[in-house]
$ cat work-v5.txt   # compact mmCIF, C-alpha atoms
# COMPACT_ATOMS: atom_id res chain seq x y z
CA MET E 1 16.87 23.79 -8.34
CA THR E 2 17.13 26.70 -5.91
CA GLN E 3 17.27 25.85 -2.25
CA SER E 4 13.80 27.12 -1.38
CA ARG E 5 12.22 25.38 -4.38
CA GLN E 6 13.94 22.17 -3.30
CA GLN E 7 12.67 22.64 0.27
CA LEU E 8 9.11 22.96 -1.00
CA VAL E 9 9.37 19.77 -3.07
CA ALA E 10 10.88 17.82 -0.15
CA GLY E 11 8.27 19.30 2.20
CA ALA E 12 5.45 18.24 -0.12
CA ALA E 13 6.89 14.71 -0.34
CA ASP E 14 6.99 14.56 3.46
CA MET E 15 3.41 15.79 3.84
CA LEU E 16 2.17 13.34 1.21
CA ARG E 17 3.76 10.34 2.91
CA ARG E 18 2.17 11.38 6.23
CA ARG E 19 -1.29 12.65 5.27
CA GLY E 20 -2.06 11.49 1.75
CA LEU E 21 -2.79 13.51 -1.37
CA ASN E 22 -6.20 14.88 -0.50
CA ALA E 23 -5.11 16.32 2.86
CA THR E 24 -2.07 18.02 1.33
CA SER E 25 -2.61 21.63 0.22
CA ILE E 26 -0.22 24.18 -1.27
CA ARG E 27 -0.89 26.40 1.75
CA GLU E 28 0.02 23.64 4.21
CA VAL E 29 3.14 22.71 2.23
CA ALA E 30 4.34 26.33 2.35
CA LYS E 31 3.72 26.41 6.10
CA HIS E 32 5.40 23.02 6.60
CA ALA E 33 8.47 24.19 4.63
CA GLN E 34 8.38 27.63 6.34
CA ALA E 35 8.24 29.29 2.92
CA PRO E 36 6.10 32.29 1.92
CA LEU E 37 2.94 31.23 0.10
CA GLY E 38 3.76 33.57 -2.80
CA SER E 39 7.02 31.78 -3.54
CA THR E 40 5.14 28.49 -3.69
CA TYR E 41 2.82 29.80 -6.43
CA HIS E 42 5.83 31.39 -8.13
CA TYR E 43 7.74 28.09 -8.26
CA PHE E 44 4.69 25.92 -8.98
CA PRO E 45 2.34 27.78 -11.31
CA GLY E 46 0.60 24.43 -11.96
CA GLY E 47 -0.43 24.39 -8.29
CA LYS E 48 -0.91 21.22 -6.28
CA GLN E 49 -0.81 18.97 -9.35
CA GLN E 50 2.63 20.17 -10.30
CA LEU E 51 3.94 20.10 -6.73
CA ALA E 52 2.66 16.56 -6.10
CA THR E 53 4.15 15.31 -9.36
CA GLU E 54 7.54 16.85 -8.55
CA ALA E 55 7.37 15.49 -4.98
CA VAL E 56 6.80 11.97 -6.31
CA ARG E 57 9.69 12.33 -8.78
CA TRP E 58 11.92 13.58 -5.99
CA ALA E 59 10.96 10.64 -3.72
CA SER E 60 11.47 8.27 -6.65
CA ASP E 61 14.96 9.63 -7.39
CA THR E 62 15.96 9.57 -3.72
CA VAL E 63 15.04 5.89 -3.34
CA ALA E 64 16.54 4.97 -6.74
CA GLU E 65 19.85 6.58 -5.79
CA ILE E 66 20.06 4.64 -2.51
CA LEU E 67 19.04 1.40 -4.26
CA ARG E 68 21.71 1.79 -6.97
CA ALA E 69 24.40 2.59 -4.39
CA LYS E 70 23.54 -0.39 -2.15
CA LEU E 71 23.20 -2.81 -5.08
CA LYS E 72 26.85 -2.22 -6.00
CA ALA E 73 27.72 -4.72 -3.25
CA GLY E 74 25.25 -7.26 -4.73
CA PRO E 75 21.52 -8.06 -4.62
CA VAL E 76 21.41 -9.16 -0.96
CA ASP E 77 23.09 -5.94 0.20
CA GLY E 78 20.84 -3.95 -2.10
CA LEU E 79 17.76 -5.59 -0.61
CA ARG E 80 19.05 -4.91 2.90
CA GLY E 81 19.63 -1.26 2.03
CA PHE E 82 16.10 -0.99 0.63
CA LEU E 83 14.64 -2.55 3.78
CA ALA E 84 16.76 -0.37 6.08
CA LEU E 85 15.56 2.77 4.27
CA TRP E 86 11.91 1.92 4.89
CA ARG E 87 12.53 0.72 8.43
CA GLU E 88 14.10 4.09 9.22
CA ILE E 89 11.17 6.03 7.71
CA ILE E 90 8.67 3.94 9.68
CA THR E 91 10.39 3.76 13.06
CA GLY E 92 11.98 7.23 12.83
CA ASN E 93 8.54 8.81 12.45
CA ASP E 94 6.69 6.82 15.10
CA PHE E 95 4.82 4.86 12.39
CA GLU E 96 3.22 8.06 11.09
CA ALA E 97 5.04 8.31 7.75
CA GLY E 98 5.06 5.90 4.84
CA CYS E 99 5.71 6.15 1.11
CA THR E 100 5.00 9.29 -0.92
CA VAL E 101 4.49 7.21 -4.07
CA VAL E 102 1.91 4.93 -2.44
CA ALA E 103 0.08 7.99 -1.08
CA VAL E 104 -0.58 9.42 -4.55
CA SER E 105 -1.40 6.01 -6.07
CA ILE E 106 -4.54 5.21 -4.11
CA GLU E 107 -6.74 8.26 -4.52
CA ALA E 108 -9.12 8.67 -7.44
CA ASP E 109 -8.22 11.49 -9.85
CA SER E 110 -4.67 11.53 -8.58
CA THR E 111 -2.78 13.91 -10.82
CA ALA E 112 0.60 12.44 -9.96
CA LEU E 113 -0.35 8.91 -11.03
CA ALA E 114 1.96 8.81 -14.06
CA ALA E 115 4.90 9.88 -11.89
CA ALA E 116 3.97 7.18 -9.36
CA ALA E 117 3.84 4.51 -12.08
CA ASP E 118 7.30 5.63 -13.25
CA ALA E 119 8.68 5.49 -9.70
CA PHE E 120 7.57 1.89 -9.14
CA SER E 121 8.81 0.85 -12.60
CA THR E 122 12.19 2.49 -12.01
CA TRP E 123 12.71 0.69 -8.69
CA GLU E 124 11.56 -2.61 -10.22
CA GLU E 125 13.99 -2.21 -13.14
CA ILE E 126 16.95 -1.31 -10.93
CA LEU E 127 16.33 -4.43 -8.81
CA ALA E 128 15.65 -6.67 -11.83
CA ASP E 129 18.89 -5.56 -13.55
CA SER E 130 20.92 -6.44 -10.47
CA LEU E 131 19.17 -9.78 -9.95
CA ARG E 132 19.56 -10.70 -13.64
CA SER E 133 23.25 -9.81 -13.69
CA HIS E 134 23.70 -12.11 -10.66
CA GLY E 135 22.09 -15.04 -12.47
CA ALA E 136 18.50 -14.87 -11.24
CA GLU E 137 15.82 -16.39 -13.43
CA ASN E 138 12.49 -14.57 -13.25
CA ALA E 139 14.37 -11.44 -12.23
CA GLU E 140 11.40 -9.21 -13.19
CA GLN E 141 8.96 -11.27 -11.10
CA LEU E 142 11.24 -11.23 -8.07
CA ALA E 143 11.91 -7.49 -8.43
CA THR E 144 8.16 -6.77 -8.53
CA LEU E 145 7.64 -9.01 -5.48
CA ILE E 146 10.31 -7.04 -3.60
CA VAL E 147 8.82 -3.62 -4.39
CA ALA E 148 5.21 -4.74 -3.79
CA SER E 149 5.88 -6.63 -0.56
CA VAL E 150 8.05 -3.92 0.97
CA GLU E 151 5.50 -1.22 0.09
CA GLY E 152 2.71 -3.41 1.47
CA ALA E 153 4.72 -4.13 4.62
CA VAL E 154 5.17 -0.39 5.21
CA VAL E 155 1.36 -0.03 5.15
CA LEU E 156 0.95 -2.96 7.58
CA CYS E 157 3.62 -1.44 9.87
CA ARG E 158 1.73 1.87 10.00
CA ALA E 159 -1.58 0.17 10.81
CA GLN E 160 -0.11 -2.20 13.39
CA ARG E 161 2.36 0.38 14.74
CA SER E 162 5.07 -2.25 14.64
CA ALA E 163 8.10 -3.03 12.47
CA VAL E 164 7.32 -6.77 12.56
CA PRO E 165 5.68 -6.94 9.09
CA LEU E 166 8.79 -5.39 7.50
CA GLU E 167 11.08 -7.79 9.42
CA ARG E 168 9.06 -10.84 8.33
CA VAL E 169 8.91 -9.73 4.71
CA GLY E 170 12.62 -8.91 4.77
CA ALA E 171 13.55 -12.37 6.06
CA GLN E 172 11.45 -14.07 3.35
CA LEU E 173 12.84 -11.83 0.59
CA GLU E 174 16.44 -12.34 1.67
CA ASP E 175 16.00 -16.13 1.45
CA LEU E 176 14.48 -15.73 -2.01
CA VAL E 177 17.21 -13.42 -3.30
CA ARG E 178 19.94 -15.70 -1.94
CA ALA E 179 18.36 -18.76 -3.56
CA ALA E 180 17.81 -16.97 -6.90
CA THR E 181 21.36 -15.61 -7.15
CA ARG E 182 23.23 -18.61 -5.77
CA MET I 1 -27.98 -4.81 10.63
CA THR I 2 -30.87 -3.17 8.77
CA GLN I 3 -30.57 -3.05 5.02
CA SER I 4 -30.04 0.71 4.77
CA ARG I 5 -27.45 0.72 7.55
CA GLN I 6 -25.69 -2.11 5.76
CA GLN I 7 -25.81 -0.14 2.47
CA LEU I 8 -24.18 2.85 4.12
CA VAL I 9 -21.35 0.75 5.55
CA ALA I 10 -20.73 -0.97 2.21
CA GLY I 11 -20.95 2.40 0.43
CA ALA I 12 -18.40 3.92 2.79
CA ALA I 13 -16.05 0.96 2.23
CA ASP I 14 -16.37 1.50 -1.50
CA MET I 15 -15.69 5.24 -1.29
CA LEU I 16 -12.69 4.67 0.97
CA ARG I 17 -11.08 2.19 -1.40
CA ARG I 18 -11.53 4.64 -4.30
CA ARG I 19 -10.80 8.05 -2.76
CA GLY I 20 -9.06 7.52 0.56
CA LEU I 21 -10.10 8.58 4.03
CA ASN I 22 -9.69 12.32 3.79
CA ALA I 23 -11.82 12.66 0.64
CA THR I 24 -14.62 10.56 2.11
CA SER I 25 -17.33 12.55 3.91
CA ILE I 26 -20.57 11.44 5.58
CA ARG I 27 -22.48 13.60 3.09
CA GLU I 28 -20.80 11.93 0.10
CA VAL I 29 -21.35 8.45 1.54
CA ALA I 30 -25.07 9.15 1.94
CA LYS I 31 -25.22 10.41 -1.65
CA HIS I 32 -23.20 7.43 -2.92
CA ALA I 33 -25.52 4.98 -1.11
CA GLN I 34 -28.61 6.99 -2.15
CA ALA I 35 -29.61 7.29 1.51
CA PRO I 36 -31.04 10.38 3.24
CA LEU I 37 -28.35 12.28 5.17
CA GLY I 38 -30.48 12.18 8.32
CA SER I 39 -30.49 8.39 8.39
CA THR I 40 -26.70 8.42 8.17
CA TYR I 41 -26.38 10.55 11.31
CA HIS I 42 -29.07 8.41 12.95
CA TYR I 43 -27.16 5.18 12.30
CA PHE I 44 -23.70 6.64 12.92
CA PRO I 45 -23.90 9.14 15.78
CA GLY I 46 -20.09 8.93 16.00
CA GLY I 47 -19.91 10.44 12.50
CA LYS I 48 -17.16 9.72 10.02
CA GLN I 49 -14.94 8.03 12.61
CA GLN I 50 -17.59 5.45 13.40
CA LEU I 51 -18.57 4.93 9.76
CA ALA I 52 -14.93 4.46 8.63
CA THR I 53 -14.27 2.00 11.44
CA GLU I 54 -17.36 -0.04 10.56
CA ALA I 55 -16.48 0.08 6.85
CA VAL I 56 -13.02 -1.32 7.60
CA ARG I 57 -14.50 -4.08 9.79
CA TRP I 58 -17.00 -4.91 7.03
CA ALA I 59 -14.22 -5.08 4.40
CA SER I 60 -12.12 -7.16 6.78
CA ASP I 61 -14.94 -9.65 7.39
CA THR I 62 -15.77 -9.90 3.68
CA VAL I 63 -12.18 -10.78 2.75
CA ALA I 64 -11.78 -13.11 5.75
CA GLU I 65 -14.91 -15.03 4.77
CA ILE I 66 -13.69 -15.55 1.19
CA LEU I 67 -10.20 -16.52 2.43
CA ARG I 68 -11.58 -19.11 4.88
CA ALA I 69 -13.87 -20.59 2.21
CA LYS I 70 -11.12 -20.86 -0.41
CA LEU I 71 -8.56 -22.24 2.05
CA LYS I 72 -10.78 -25.27 2.68
CA ALA I 73 -9.35 -26.72 -0.55
CA GLY I 74 -5.78 -26.06 0.72
CA PRO I 75 -3.25 -23.19 0.84
CA VAL I 76 -2.64 -22.98 -2.94
CA ASP I 77 -6.37 -22.69 -3.67
CA GLY I 78 -6.72 -20.22 -0.82
CA LEU I 79 -3.94 -18.08 -2.26
CA ARG I 80 -5.54 -18.25 -5.70
CA GLY I 81 -8.88 -17.15 -4.27
CA PHE I 82 -7.22 -14.24 -2.47
CA LEU I 83 -5.46 -13.16 -5.69
CA ALA I 84 -8.64 -13.54 -7.76
CA LEU I 85 -10.55 -11.36 -5.31
CA TRP I 86 -8.08 -8.48 -5.69
CA ARG I 87 -7.73 -8.95 -9.44
CA GLU I 88 -11.50 -8.57 -9.75
CA ILE I 89 -11.55 -5.39 -7.64
CA ILE I 90 -8.70 -3.88 -9.67
CA THR I 91 -9.76 -4.83 -13.18
CA GLY I 92 -13.51 -4.61 -12.51
CA ASN I 93 -13.12 -0.96 -11.50
CA ASP I 94 -10.77 0.16 -14.25
CA PHE I 95 -7.85 0.36 -11.76
CA GLU I 96 -9.69 3.01 -9.74
CA ALA I 97 -10.47 0.98 -6.63
CA GLY I 98 -8.09 -0.72 -4.23
CA CYS I 99 -8.24 -1.81 -0.60
CA THR I 100 -10.39 -0.07 2.03
CA VAL I 101 -8.02 -1.19 4.79
CA VAL I 102 -4.94 0.24 3.06
CA ALA I 103 -6.80 3.52 2.47
CA VAL I 104 -7.35 4.14 6.18
CA SER I 105 -3.85 2.97 7.16
CA ILE I 106 -1.80 5.64 5.44
CA GLU I 107 -3.29 8.93 6.59
CA ALA I 108 -2.16 10.66 9.77
CA ASP I 109 -4.78 10.79 12.54
CA SER I 110 -6.71 7.96 10.94
CA THR I 111 -9.46 7.07 13.34
CA ALA I 112 -9.96 3.61 11.92
CA LEU I 113 -6.34 2.55 12.42
CA ALA I 114 -7.09 -0.03 15.13
CA ALA I 115 -9.70 -1.67 12.89
CA ALA I 116 -7.17 -1.69 10.02
CA ALA I 117 -4.53 -3.34 12.22
CA ASP I 118 -7.08 -5.99 13.21
CA ALA I 119 -8.01 -6.61 9.57
CA PHE I 120 -4.43 -7.27 8.48
CA SER I 121 -3.79 -9.46 11.57
CA THR I 122 -6.94 -11.48 10.92
CA TRP I 123 -5.99 -12.20 7.30
CA GLU I 124 -2.41 -13.04 8.34
CA GLU I 125 -3.67 -15.45 11.02
CA ILE I 126 -6.13 -17.20 8.69
CA LEU I 127 -3.36 -17.76 6.13
CA ALA I 128 -0.78 -18.78 8.76
CA ASP I 129 -3.17 -21.34 10.30
CA SER I 130 -3.74 -22.96 6.92
CA LEU I 131 -0.04 -22.95 6.00
CA ARG I 132 0.93 -24.38 9.40
CA SER I 133 -1.66 -27.15 9.22
CA HIS I 134 -0.21 -28.08 5.81
CA GLY I 135 3.29 -28.41 7.22
CA ALA I 136 4.80 -25.01 6.41
CA GLU I 137 7.67 -23.83 8.57
CA ASN I 138 7.74 -20.05 9.08
CA ALA I 139 4.01 -20.00 8.42
CA GLU I 140 3.65 -16.55 10.07
CA GLN I 141 6.41 -15.06 7.92
CA LEU I 142 4.94 -16.46 4.73
CA ALA I 143 1.42 -15.33 5.67
CA THR I 144 2.67 -11.77 6.28
CA LEU I 145 4.53 -11.85 2.96
CA ILE I 146 1.32 -12.87 1.18
CA VAL I 147 -0.80 -10.10 2.73
CA ALA I 148 1.90 -7.41 2.33
CA SER I 149 2.85 -8.31 -1.25
CA VAL I 150 -0.73 -8.63 -2.50
CA GLU I 151 -1.68 -5.31 -0.89
CA GLY I 152 1.44 -3.69 -2.33
CA ALA I 153 0.73 -5.20 -5.75
CA VAL I 154 -2.78 -3.71 -5.70
CA VAL I 155 -1.19 -0.26 -5.19
CA LEU I 156 1.28 -0.86 -8.05
CA CYS I 157 -1.58 -2.03 -10.30
CA ARG I 158 -3.51 1.18 -9.64
CA ALA I 159 -0.50 3.39 -10.38
CA GLN I 160 0.55 1.44 -13.48
CA ARG I 161 -3.05 0.79 -14.60
CA SER I 162 -2.11 -2.83 -15.26
CA ALA I 163 -2.71 -6.20 -13.60
CA VAL I 164 0.89 -7.29 -14.26
CA PRO I 165 2.21 -6.57 -10.73
CA LEU I 166 -0.50 -8.81 -9.22
CA GLU I 167 0.22 -11.57 -11.77
CA ARG I 168 3.97 -11.48 -11.04
CA VAL I 169 3.46 -11.46 -7.28
CA GLY I 170 0.91 -14.26 -7.57
CA ALA I 171 3.31 -16.48 -9.54
CA GLN I 172 6.09 -15.96 -6.98
CA LEU I 173 3.76 -16.58 -4.03
CA GLU I 174 2.30 -19.73 -5.54
CA ASP I 175 5.81 -21.19 -5.96
CA LEU I 176 6.57 -20.31 -2.35
CA VAL I 177 3.36 -21.79 -0.96
CA ARG I 178 3.83 -25.00 -2.98
CA ALA I 179 7.43 -25.38 -1.77
CA ALA I 180 6.50 -24.65 1.86
CA THR I 181 3.59 -27.10 1.99
CA ARG I 182 5.12 -29.90 -0.08

$ encode --input "work-v5.txt" --output "structure tokens"
Amino acid sequence: MTQSRQQLVAGAADMLRRRGLNATSIREVAKHAQAPLGSTYHYFPGGKQQLATEAVRWASDTVAEILRAKLKAGPVDGLRGFLALWREIITGNDFEAGCTVVAVSIEADSTALAAAADAFSTWEEILADSLRSHGAENAEQLATLIVASVEGAVVLCRAQRSAVPLERVGAQLEDLVRAATR
Amino acid sequence: MTQSRQQLVAGAADMLRRRGLNATSIREVAKHAQAPLGSTYHYFPGGKQQLATEAVRWASDTVAEILRAKLKAGPVDGLRGFLALWREIITGNDFEAGCTVVAVSIEADSTALAAAADAFSTWEEILADSLRSHGAENAEQLATLIVASVEGAVVLCRAQRSAVPLERVGAQLEDLVRAATR
């Protein structure tokens, strides 16, 4: 990917996690990424649909890479890395940014829905593989609980403008992961 | 509340949970509720901001009422009622409707953010009170985990067009609530 194409995809992901799908336009993404509008249409002939789908895939890959790296030290460290990632997004953006994948999942006629489904499944599988290899029963259930509760906590944090929901969920999940992989 | 005012608030809540805040307009809400546009501006002089805030409060009260009723039979039954409510919204709308409160929480400059924060806090408190009165330690933590994970699961269900995330989260939460209130 060329640098400017990459900047547009990352810029779109950032706009989506702040404003949602409907409020994100190709024009605004170009402005946000300080790229000429023409280059945006050149790189993304499929328009907003294509850009949103690529933004979700990019966000998915970014999180998956961090998850895989942190899980090398075990499921508890992996969970902590996952929580730290979201805490940084939330607190580093004054509670005004959340998850790109959630943003495209909750609007009717979302064109990036298949990419969003893949993103959640990928994260769930990465977590389930680690939990299973460390002896957890119900690894799939626990992995889904981790992804769902952390994503939900990020939404609660934005509404309440506080990191407390993520801290509470993190404490509960860490107990569960420890117990399941003992 | 007069019947037509009530219809507009419920209609707005329904549009928000399907399309998100940005894609919801006063004009569309009036059309959706089959109400004249003039009556909408008459009832909601504060425009979309006022309507979205009232829609969130209405959704909050509706869920709180069901939660309180179901929790009378104990925390496990309360949890099951909460899960059943979301399962019905998800599967009864072909995975194209989610939570009104989540919808207004994840868009920048959301004017209904304070009402959304109150909604989540209210549900957390109702659950925590029940858990605490049934002997749970860390009742607040567990209550936040329930709200966050169920809300997150609803998002996963929409993306994956499947009720599996909610079923997995429900099974994990029921084990936790049983263990905490034993």

$ closest_residue --input "work-v5.txt" --among "E:Ala115, E:Leu176, E:Ile66, E:Ala159" --to "chain I" --atoms "all atoms listed in the file"
E:Ala159

$ residues_near_point --input "work-v5.txt" --point "(9.4, -3.4, 5.7)" --cutoff "8 Å" --atoms "all atoms listed in the file" --output "list in words"
Leu83, Ala84, Trp86, Arg87, Ser149, Val150, Glu151, Gly152, Ala153, Val154, Cys157, Ala163, Val164, Pro165, Leu166, Glu167, Arg168, Val169 and Gly170 of chain E

$ write_last_selection --input "work-v5.txt" --atoms "C-alpha atoms" --output "PDB file, in the frame of the given file"
ATOM      1  CA  LEU E  83      14.640  -2.550   3.780  1.00  0.00           C
ATOM      2  CA  ALA E  84      16.760  -0.370   6.080  1.00  0.00           C
ATOM      3  CA  TRP E  86      11.910   1.920   4.890  1.00  0.00           C
ATOM      4  CA  ARG E  87      12.530   0.720   8.430  1.00  0.00           C
ATOM      5  CA  SER E 149       5.880  -6.630  -0.560  1.00  0.00           C
ATOM      6  CA  VAL E 150       8.050  -3.920   0.970  1.00  0.00           C
ATOM      7  CA  GLU E 151       5.500  -1.220   0.090  1.00  0.00           C
ATOM      8  CA  GLY E 152       2.710  -3.410   1.470  1.00  0.00           C
ATOM      9  CA  ALA E 153       4.720  -4.130   4.620  1.00  0.00           C
ATOM     10  CA  VAL E 154       5.170  -0.390   5.210  1.00  0.00           C
ATOM     11  CA  CYS E 157       3.620  -1.440   9.870  1.00  0.00           C
ATOM     12  CA  ALA E 163       8.100  -3.030  12.470  1.00  0.00           C
ATOM     13  CA  VAL E 164       7.320  -6.770  12.560  1.00  0.00           C
ATOM     14  CA  PRO E 165       5.680  -6.940   9.090  1.00  0.00           C
ATOM     15  CA  LEU E 166       8.790  -5.390   7.500  1.00  0.00           C
ATOM     16  CA  GLU E 167      11.080  -7.790   9.420  1.00  0.00           C
ATOM     17  CA  ARG E 168       9.060 -10.840   8.330  1.00  0.00           C
ATOM     18  CA  VAL E 169       8.910  -9.730   4.710  1.00  0.00           C
ATOM     19  CA  GLY E 170      12.620  -8.910   4.770  1.00  0.00           C
TER      20      GLY E 170
END

$ closest_residue --input "work-v5.txt" --among "E:Ser121, E:Thr53, E:Ser4, E:Ser130" --to "chain I" --atoms "only C-alpha atoms"
E:Ser121

$ closest_residue --input "work-v5.txt" --among "E:Val155, E:Ala69, E:Val177, E:Ala59" --to "chain I" --atoms "only C-alpha atoms"
E:Val155

$ axis_aligned_box --input "work-v5.txt" --around "segment 99-111 of chain I" --padding-each-side "8 Å" --output "lines of an AutoDock Vina configuration file"
center_x = -6.1
center_y = 4.5
center_z = 6.4
size_x = 24.6
size_y = 28.6
size_z = 29.9

$ closest_residue --input "work-v5.txt" --among "E:Leu21, E:Ala30, E:Ala35, E:Leu79" --to "chain I" --atoms "only C-alpha atoms"
E:Leu21

$ closest_atom_pairs --input "work-v5.txt" --of "chain E" --to "chain I" --cutoff "8 Å" --atoms "only C-alpha atoms" --output "Markdown table"
| residue | atom | partner | partner_atom | distance |
| --- | --- | --- | --- | --- |
| E:Arg17 | CA | I:Ile106 | CA | 7.7 |
| E:Arg18 | CA | I:Ala108 | CA | 5.6 |
| E:Arg19 | CA | I:Glu107 | CA | 4.4 |
| E:Gly20 | CA | I:Glu107 | CA | 5.6 |
| E:Asn22 | CA | I:Asn22 | CA | 6.1 |
| E:Ala23 | CA | I:Asn22 | CA | 6.2 |
| E:Glu96 | CA | I:Ala108 | CA | 6.1 |
| E:Ala97 | CA | I:Ile106 | CA | 7.7 |
| E:Gly98 | CA | I:Ile106 | CA | 6.9 |
| E:Val102 | CA | I:Val155 | CA | 6.6 |
| E:Ala103 | CA | I:Ile106 | CA | 7.2 |
| E:Ser105 | CA | I:Ala159 | CA | 5.1 |
| E:Ile106 | CA | I:Val155 | CA | 6.5 |
| E:Glu107 | CA | I:Arg19 | CA | 4.4 |
| E:Ala108 | CA | I:Arg19 | CA | 5.0 |
| E:Leu113 | CA | I:Ala159 | CA | 5.6 |
| E:Ala114 | CA | I:Ala159 | CA | 7.0 |
| E:Ala116 | CA | I:Ala159 | CA | 5.9 |
| E:Ala117 | CA | I:Gln160 | CA | 4.7 |
| E:Asp118 | CA | I:Gln160 | CA | 7.9 |
| E:Phe120 | CA | I:Leu156 | CA | 7.0 |
| E:Gln141 | CA | I:Arg168 | CA | 5.0 |
| E:Leu142 | CA | I:Gln172 | CA | 7.1 |
| E:Thr144 | CA | I:Pro165 | CA | 6.3 |
| E:Leu145 | CA | I:Val169 | CA | 5.2 |
| E:Ile146 | CA | I:Ser149 | CA | 7.9 |
| E:Val147 | CA | I:Gly152 | CA | 7.7 |
| E:Ala148 | CA | I:Gly152 | CA | 4.2 |
| E:Ser149 | CA | I:Ser149 | CA | 3.5 |
| E:Val150 | CA | I:Ser149 | CA | 7.2 |
| E:Glu151 | CA | I:Gly152 | CA | 5.3 |
| E:Gly152 | CA | I:Gly152 | CA | 4.0 |
| E:Ala153 | CA | I:Ala148 | CA | 4.9 |
| E:Val155 | CA | I:Ser105 | CA | 6.3 |
| E:Leu156 | CA | I:Ala148 | CA | 6.9 |
| E:Arg158 | CA | I:Ser105 | CA | 6.4 |
| E:Ala159 | CA | I:Ala117 | CA | 4.8 |
| E:Gln160 | CA | I:Ala117 | CA | 4.7 |
| E:Pro165 | CA | I:Thr144 | CA | 6.3 |
| E:Arg168 | CA | I:Gln141 | CA | 5.0 |
| E:Val169 | CA | I:Leu145 | CA | 5.2 |
| E:Ala171 | CA | I:Gln141 | CA | 7.9 |
| E:Gln172 | CA | I:Gln141 | CA | 6.9 |

$ atom_distance --input "work-v5.txt" --atom1 "atom CA of Tyr43 of chain I" --atom2 "atom CA of Glu65 of chain I"
24.8 Å

$ atom_distance --input "work-v5.txt" --atom1 "atom CA of Thr40 of chain E" --atom2 "atom CA of Leu8 of chain E"
7.3 Å

$ residues_near_point --input "work-v5.txt" --point "(21.5, -17.4, -3.2)" --cutoff "12 Å" --atoms "all atoms listed in the file" --output "ChimeraX atom specification"
/E:74-76,131,134-137,173-182

$ atom_distance --input "work-v5.txt" --atom1 "atom CA of Gln7 of chain E" --atom2 "atom CA of Ala55 of chain E"
10.3 Å

$ closest_residue --input "work-v5.txt" --among "I:Ala33, I:Ala139, I:Ile126, I:Ile89" --to "Lys72 of chain I" --atoms "all atoms listed in the file"
I:Ile126

$ decode --input "work-v5.txt" --residues "segment 133-165 of chain E" --atoms "C-alpha atoms" --output "PDB file, in the first residue's frame"
ATOM      1  CA  SER E 133      -3.945 -24.084  24.548  1.00  0.00           C
ATOM      2  CA  HIS E 134      -3.715 -23.028  28.217  1.00  0.00           C
ATOM      3  CA  GLY E 135      -6.314 -25.608  29.261  1.00  0.00           C
ATOM      4  CA  ALA E 136      -9.501 -23.545  29.340  1.00  0.00           C
ATOM      5  CA  GLU E 137     -12.786 -25.368  28.880  1.00  0.00           C
ATOM      6  CA  ASN E 138     -15.427 -23.330  27.062  1.00  0.00           C
ATOM      7  CA  ALA E 139     -12.631 -21.347  25.431  1.00  0.00           C
ATOM      8  CA  GLU E 140     -14.977 -20.092  22.673  1.00  0.00           C
ATOM      9  CA  GLN E 141     -17.560 -18.868  25.195  1.00  0.00           C
ATOM     10  CA  LEU E 142     -14.955 -17.059  27.268  1.00  0.00           C
ATOM     11  CA  ALA E 143     -13.339 -15.519  24.161  1.00  0.00           C
ATOM     12  CA  THR E 144     -16.719 -14.176  23.004  1.00  0.00           C
ATOM     13  CA  LEU E 145     -17.392 -12.808  26.506  1.00  0.00           C
ATOM     14  CA  ILE E 146     -14.038 -10.984  26.415  1.00  0.00           C
ATOM     15  CA  VAL E 147     -14.635  -9.371  23.013  1.00  0.00           C
ATOM     16  CA  ALA E 148     -18.288  -8.499  23.742  1.00  0.00           C
ATOM     17  CA  SER E 149     -17.708  -7.120  27.242  1.00  0.00           C
ATOM     18  CA  VAL E 150     -14.674  -5.044  26.291  1.00  0.00           C
ATOM     19  CA  GLU E 151     -16.489  -3.591  23.260  1.00  0.00           C
ATOM     20  CA  GLY E 152     -19.540  -2.906  25.417  1.00  0.00           C
ATOM     21  CA  ALA E 153     -17.381  -1.334  28.128  1.00  0.00           C
ATOM     22  CA  VAL E 154     -15.833   1.020  25.553  1.00  0.00           C
ATOM     23  CA  VAL E 155     -19.367   2.218  24.691  1.00  0.00           C
ATOM     24  CA  LEU E 156     -20.214   2.692  28.394  1.00  0.00           C
ATOM     25  CA  CYS E 157     -16.934   4.595  28.906  1.00  0.00           C
ATOM     26  CA  ARG E 158     -17.803   7.002  26.077  1.00  0.00           C
ATOM     27  CA  ALA E 159     -21.296   7.651  27.432  1.00  0.00           C
ATOM     28  CA  GLN E 160     -20.187   8.023  31.046  1.00  0.00           C
ATOM     29  CA  ARG E 161     -16.934   9.804  30.133  1.00  0.00           C
ATOM     30  CA  SER E 162     -15.098   7.563  32.558  1.00  0.00           C
ATOM     31  CA  ALA E 163     -12.738   4.582  32.342  1.00  0.00           C
ATOM     32  CA  VAL E 164     -14.492   2.860  35.258  1.00  0.00           C
ATOM     33  CA  PRO E 165     -16.601   0.453  33.123  1.00  0.00           C
TER      34      PRO E 165
END
